[in-house]
Every structure is written in structure tokens, then in C-alpha cells.
Amino acid sequence: MTKKHKSHTGIVGEISVVLLGAVLFSMSMNMFLLPAGIVLGGMTGISTVLNMFFGTPVGLTIIILNIPLIIANTYFFGKHFLGRTIIGLAATSLSVDLFMFFPVPEVDPLICAILGGACMGAGTGALISRGYTTGGTDLVACLVKLKWRGISTGSIIMLCDLVIILGAAFFTRSLDGLFYSIICTWSAGKVLDMMISGSQRAGQAFVVTDKAEELTKLIFEKLDRGVTVLEAVGGYTGKPKRVLMCVVARRQIFLLKQLAAECDGNSFVIIADASEVSGRGFANRAAGNMIPRQKKGSQ
């Protein structure tokens, strides 16, 4: 297979994943959640509530709500995350407004909550597994941690989603809606975990490469992760080898493999589950927080 053919295959694969994630996201919203009046957390939840009261387009509203968050995160943390965030956000949000041809099943709201959450988790999971994000409370969490580093990212996201779901229940005056929202959130979370290799918080990567210095620099610049260089000896050749060891967030696993392939086509990558990670950039030893790296000069 030629390098050009591999490039085309990769592009087709990327487009296929984005389309799959977008279609599943749209199915979740248009077939199950919106017809049943079920509100999730994040910008999707706020957009759903605004749609209920004012009839605003859900997808477009999600994009508008995310714009200031994207700008703020780009300012503080740089633009390395920007491309895949915009693609993931645009694909999922616009699909809600464009793909409205799915049939609406007349089923129990409980079934809508379970199936809608499952579709949502599968769609976002497909995107995250390839390094894309959909913005929302993930971006809020990064900004909050600039001020309060002792709070874990998961706790911030959970709190934001809880506030949105409770606020939706208050404005709609529906306790049933609150129950279905909780079920839907649980369903989405379970499927999302399954899509991105279980409930692992991070991946431990070992990369055997002949271009250790170049790849180390790329990991620093593109992923903002530390690297440990291990000296090794090839078992068959007996020649000295260099092995890079690093721990990355689960959403960065695909990006790491992509960087390794682009830098050294003969590199060998091993990914293992890291059930607990403590240190800079991950959970600290005292509070278990995710510490984002600040832009130079910021306080």
C-alpha cells in the first residue's frame, strides 16, 4: 500500500467516524430525547430547555453556547485542541438540525431515556476514541480549574450537569423529567465508557522508535504530556533501543498513535490501561484533580 493510498484511507476513516458519531448523536436527540422532553447535562441540556420554551434550533444553540468557551480555552491553553473540538462540535450539533428525518417511535419515556442515552454515549464515544470532543462542560471544567485546582475535573462536570438537569426540572416543573434525565445520563455514561475501553482514566503507552527525540518533542508540543526515555536492547538484533513511556488521557490515545505513525512509520506502540494515575497533569496525590496546563504568563 502506497503512502498516498494510506493517506486517503485515513481520511476516509476519519470522515466515517465523524459521520457515525454525528448520526448517532442526531438519532439520540431527534428520535428519543426531544420527543420525550428529556434533558441531559451540558450545553445540549440548556439547548433542549430553550427549544422547549422558545422553539430555538437545538444544534445551532449548542454551537452558540460553546463559542465563548472555545475562545477562552484557546486563550488559556493554546490552540492544539481547537481543530478536533470544532469538527466534533460542528458535526454533532448541526446533525441535530439537519438530520430530522428519523422516525419518532411512540414508546414509553423510560425506553426513550435508556435508548437515547445509549445512542448519545455511542456517538460521543466514537468521536472521543478518535480524539474529537464535543465541547460543553468539558471546556467549563478546564476554565474552572484555573482558579480551583483542588477540584477534580469529573466533579466539576458532574456538578455542572446536575445543576442543568435540576434547573430543567424546576422550569418544566416535572419530577418525572428529572427521573428520566438521570436514567438517560447513566445510560449515556455506561455506553461511553464501553466505547472508550471501559472506565479507564488514562492509558500507559510504550513506544519503541528510532526517532525518540523527534517523537518526544511532538508529544510535548501536541499532547502536553511528559515522556520518560528508557534504554533497552533489542532481543533479536542485540542493538540498543530507546523506548518512550508516557501516560495520556484516554481521549489522547488515538492522537498518540497517530503521532507515532507519522513521525516513525516503523514505530511499535503498546497501550495498557492505567487504572490510577497520580502526578502533574493528572490526579494530584491529595485531591485527585486534573490540572490543566496554563498559558505562559497567566495566573
# chains A, B, ... in the order shown; residues from 1 in each chain; ligands from 1
>>> residues_around(residues="Leu255 of chain A", least_positions_apart="5", cutoff="8 Å", atoms="only C-alpha atoms", output="ChimeraX atom specification")
/A:130-131,223
>>> write_last_selection(atoms="C-alpha atoms", output="PDB file, in the first residue's frame")
ATOM      1  CA  ARG A 130     -10.549   9.209  17.657  1.00  0.00           C
ATOM      2  CA  GLY A 131      -9.522  12.339  19.547  1.00  0.00           C
ATOM      3  CA  LEU A 223      -0.327  16.384  23.727  1.00  0.00           C
TER       4      LEU A 223
END
>>> atom_distance(atom1="atom CA of Pro105 of chain A", atom2="atom CA of Ile63 of chain A")
27.2 Å
>>> residues_around(residues="segment 78-87 of chain A", least_positions_apart="3", cutoff="7 Å", atoms="only C-alpha atoms", output="list in words")
Thr74, Tyr75, Ala90, Ala91, Gly131, Tyr132, Thr133, Thr134, Gly135, Lys222 and Lys295 of chain A
>>> residues_around(residues="Gly265 of chain A", least_positions_apart="5", cutoff="10 Å", atoms="only C-alpha atoms", output="list in words")
Thr209, Asp210, Gln258, Leu259 and Ala260 of chain A
>>> residues_around(residues="Val107 of chain A", least_positions_apart="3", cutoff="12 Å", atoms="only C-alpha atoms", output="list in words")
Met31, Phe32, Leu33, Pro35, Ala36, Pro103, Val104, Leu110, Ile111, Cys112, Ala113, Ile114, Leu115 and Gly116 of chain A
>>> write_last_selection(atoms="all heavy atoms", output="compact mmCIF listing (two decimals), in the first residue's frame")
# COMPACT_ATOMS: atom_id res chain seq x y z
N MET A 31 -34.93 11.20 17.78
CA MET A 31 -35.81 10.04 17.92
C MET A 31 -36.29 9.81 19.34
O MET A 31 -37.39 9.32 19.56
CB MET A 31 -35.08 8.77 17.44
CG MET A 31 -34.87 8.69 15.94
SD MET A 31 -34.07 7.13 15.44
CE MET A 31 -35.36 5.93 15.89
N PHE A 32 -35.46 10.20 20.32
CA PHE A 32 -35.78 9.82 21.69
C PHE A 32 -35.87 11.00 22.67
O PHE A 32 -36.90 11.18 23.32
CB PHE A 32 -34.72 8.83 22.21
CG PHE A 32 -34.61 7.59 21.38
CD1 PHE A 32 -33.51 7.36 20.56
CD2 PHE A 32 -35.62 6.62 21.41
CE1 PHE A 32 -33.41 6.21 19.80
CE2 PHE A 32 -35.54 5.48 20.64
CZ PHE A 32 -34.42 5.26 19.83
N LEU A 33 -34.83 11.80 22.78
CA LEU A 33 -34.77 12.79 23.86
C LEU A 33 -35.71 13.98 23.64
O LEU A 33 -36.48 14.34 24.53
CB LEU A 33 -33.33 13.29 24.04
CG LEU A 33 -32.28 12.19 24.30
CD1 LEU A 33 -30.95 12.82 24.68
CD2 LEU A 33 -32.76 11.26 25.41
N PRO A 35 -38.42 14.30 21.54
CA PRO A 35 -39.84 13.94 21.59
C PRO A 35 -40.34 13.63 23.00
O PRO A 35 -41.50 13.92 23.33
CB PRO A 35 -39.92 12.69 20.70
CG PRO A 35 -38.77 12.82 19.77
CD PRO A 35 -37.67 13.45 20.59
N ALA A 36 -39.47 13.05 23.84
CA ALA A 36 -39.87 12.69 25.20
C ALA A 36 -39.62 13.82 26.19
O ALA A 36 -39.97 13.69 27.37
CB ALA A 36 -39.11 11.43 25.65
N PRO A 103 -37.58 8.47 12.11
CA PRO A 103 -38.94 8.27 12.65
C PRO A 103 -38.94 8.39 14.16
O PRO A 103 -37.98 8.02 14.82
CB PRO A 103 -39.28 6.84 12.20
CG PRO A 103 -37.96 6.16 12.07
CD PRO A 103 -37.02 7.22 11.55
N VAL A 104 -40.03 8.93 14.69
CA VAL A 104 -40.16 9.09 16.15
C VAL A 104 -41.01 7.96 16.69
O VAL A 104 -42.22 7.91 16.44
CB VAL A 104 -40.81 10.46 16.49
CG1 VAL A 104 -40.97 10.59 18.00
CG2 VAL A 104 -39.97 11.60 15.93
N LEU A 110 -39.34 5.99 29.58
CA LEU A 110 -38.23 5.26 30.17
C LEU A 110 -37.39 4.60 29.09
O LEU A 110 -36.15 4.62 29.15
CB LEU A 110 -38.75 4.21 31.16
CG LEU A 110 -37.68 3.34 31.83
CD1 LEU A 110 -36.71 4.20 32.63
CD2 LEU A 110 -38.34 2.29 32.73
N ILE A 111 -38.06 4.02 28.09
CA ILE A 111 -37.34 3.41 26.97
C ILE A 111 -36.59 4.49 26.19
O ILE A 111 -35.44 4.28 25.76
CB ILE A 111 -38.31 2.67 26.04
CG1 ILE A 111 -39.08 1.59 26.82
CG2 ILE A 111 -37.56 2.05 24.87
CD1 ILE A 111 -38.19 0.53 27.43
N CYS A 112 -37.22 5.66 26.01
CA CYS A 112 -36.54 6.77 25.32
C CYS A 112 -35.29 7.19 26.08
O CYS A 112 -34.26 7.49 25.47
CB CYS A 112 -37.49 7.95 25.18
SG CYS A 112 -38.77 7.75 23.92
N ALA A 113 -35.39 7.23 27.41
CA ALA A 113 -34.24 7.64 28.22
C ALA A 113 -33.09 6.66 28.06
O ALA A 113 -31.93 7.05 27.91
CB ALA A 113 -34.65 7.75 29.68
N ILE A 114 -33.41 5.37 28.09
CA ILE A 114 -32.36 4.34 28.00
C ILE A 114 -31.75 4.31 26.61
O ILE A 114 -30.52 4.35 26.45
CB ILE A 114 -32.93 2.96 28.37
CG1 ILE A 114 -33.36 2.95 29.84
CG2 ILE A 114 -31.89 1.87 28.12
CD1 ILE A 114 -34.08 1.69 30.27
N LEU A 115 -32.60 4.23 25.57
CA LEU A 115 -32.10 4.15 24.20
C LEU A 115 -31.46 5.46 23.75
O LEU A 115 -30.44 5.46 23.05
CB LEU A 115 -33.22 3.76 23.25
CG LEU A 115 -33.83 2.36 23.45
CD1 LEU A 115 -34.91 2.09 22.42
CD2 LEU A 115 -32.74 1.29 23.38
N GLY A 116 -32.06 6.58 24.15
CA GLY A 116 -31.49 7.87 23.80
C GLY A 116 -30.12 8.07 24.43
O GLY A 116 -29.18 8.55 23.78
>>> closest_residue(among="A:Ala202, A:Met52, A:Leu60, A:Ala22", to="Ile38 of chain A", atoms="only C-alpha atoms")
A:Met52
>>> residues_around(residues="segment 230-238 of chain A", least_positions_apart="3", cutoff="12 Å", atoms="only C-alpha atoms", output="list in words")
Phe206, Val207, Val208, Thr209, Asp210, Ala212, Val227, Lys241, Arg242, Val243, Leu244, Met245 and Cys246 of chain A
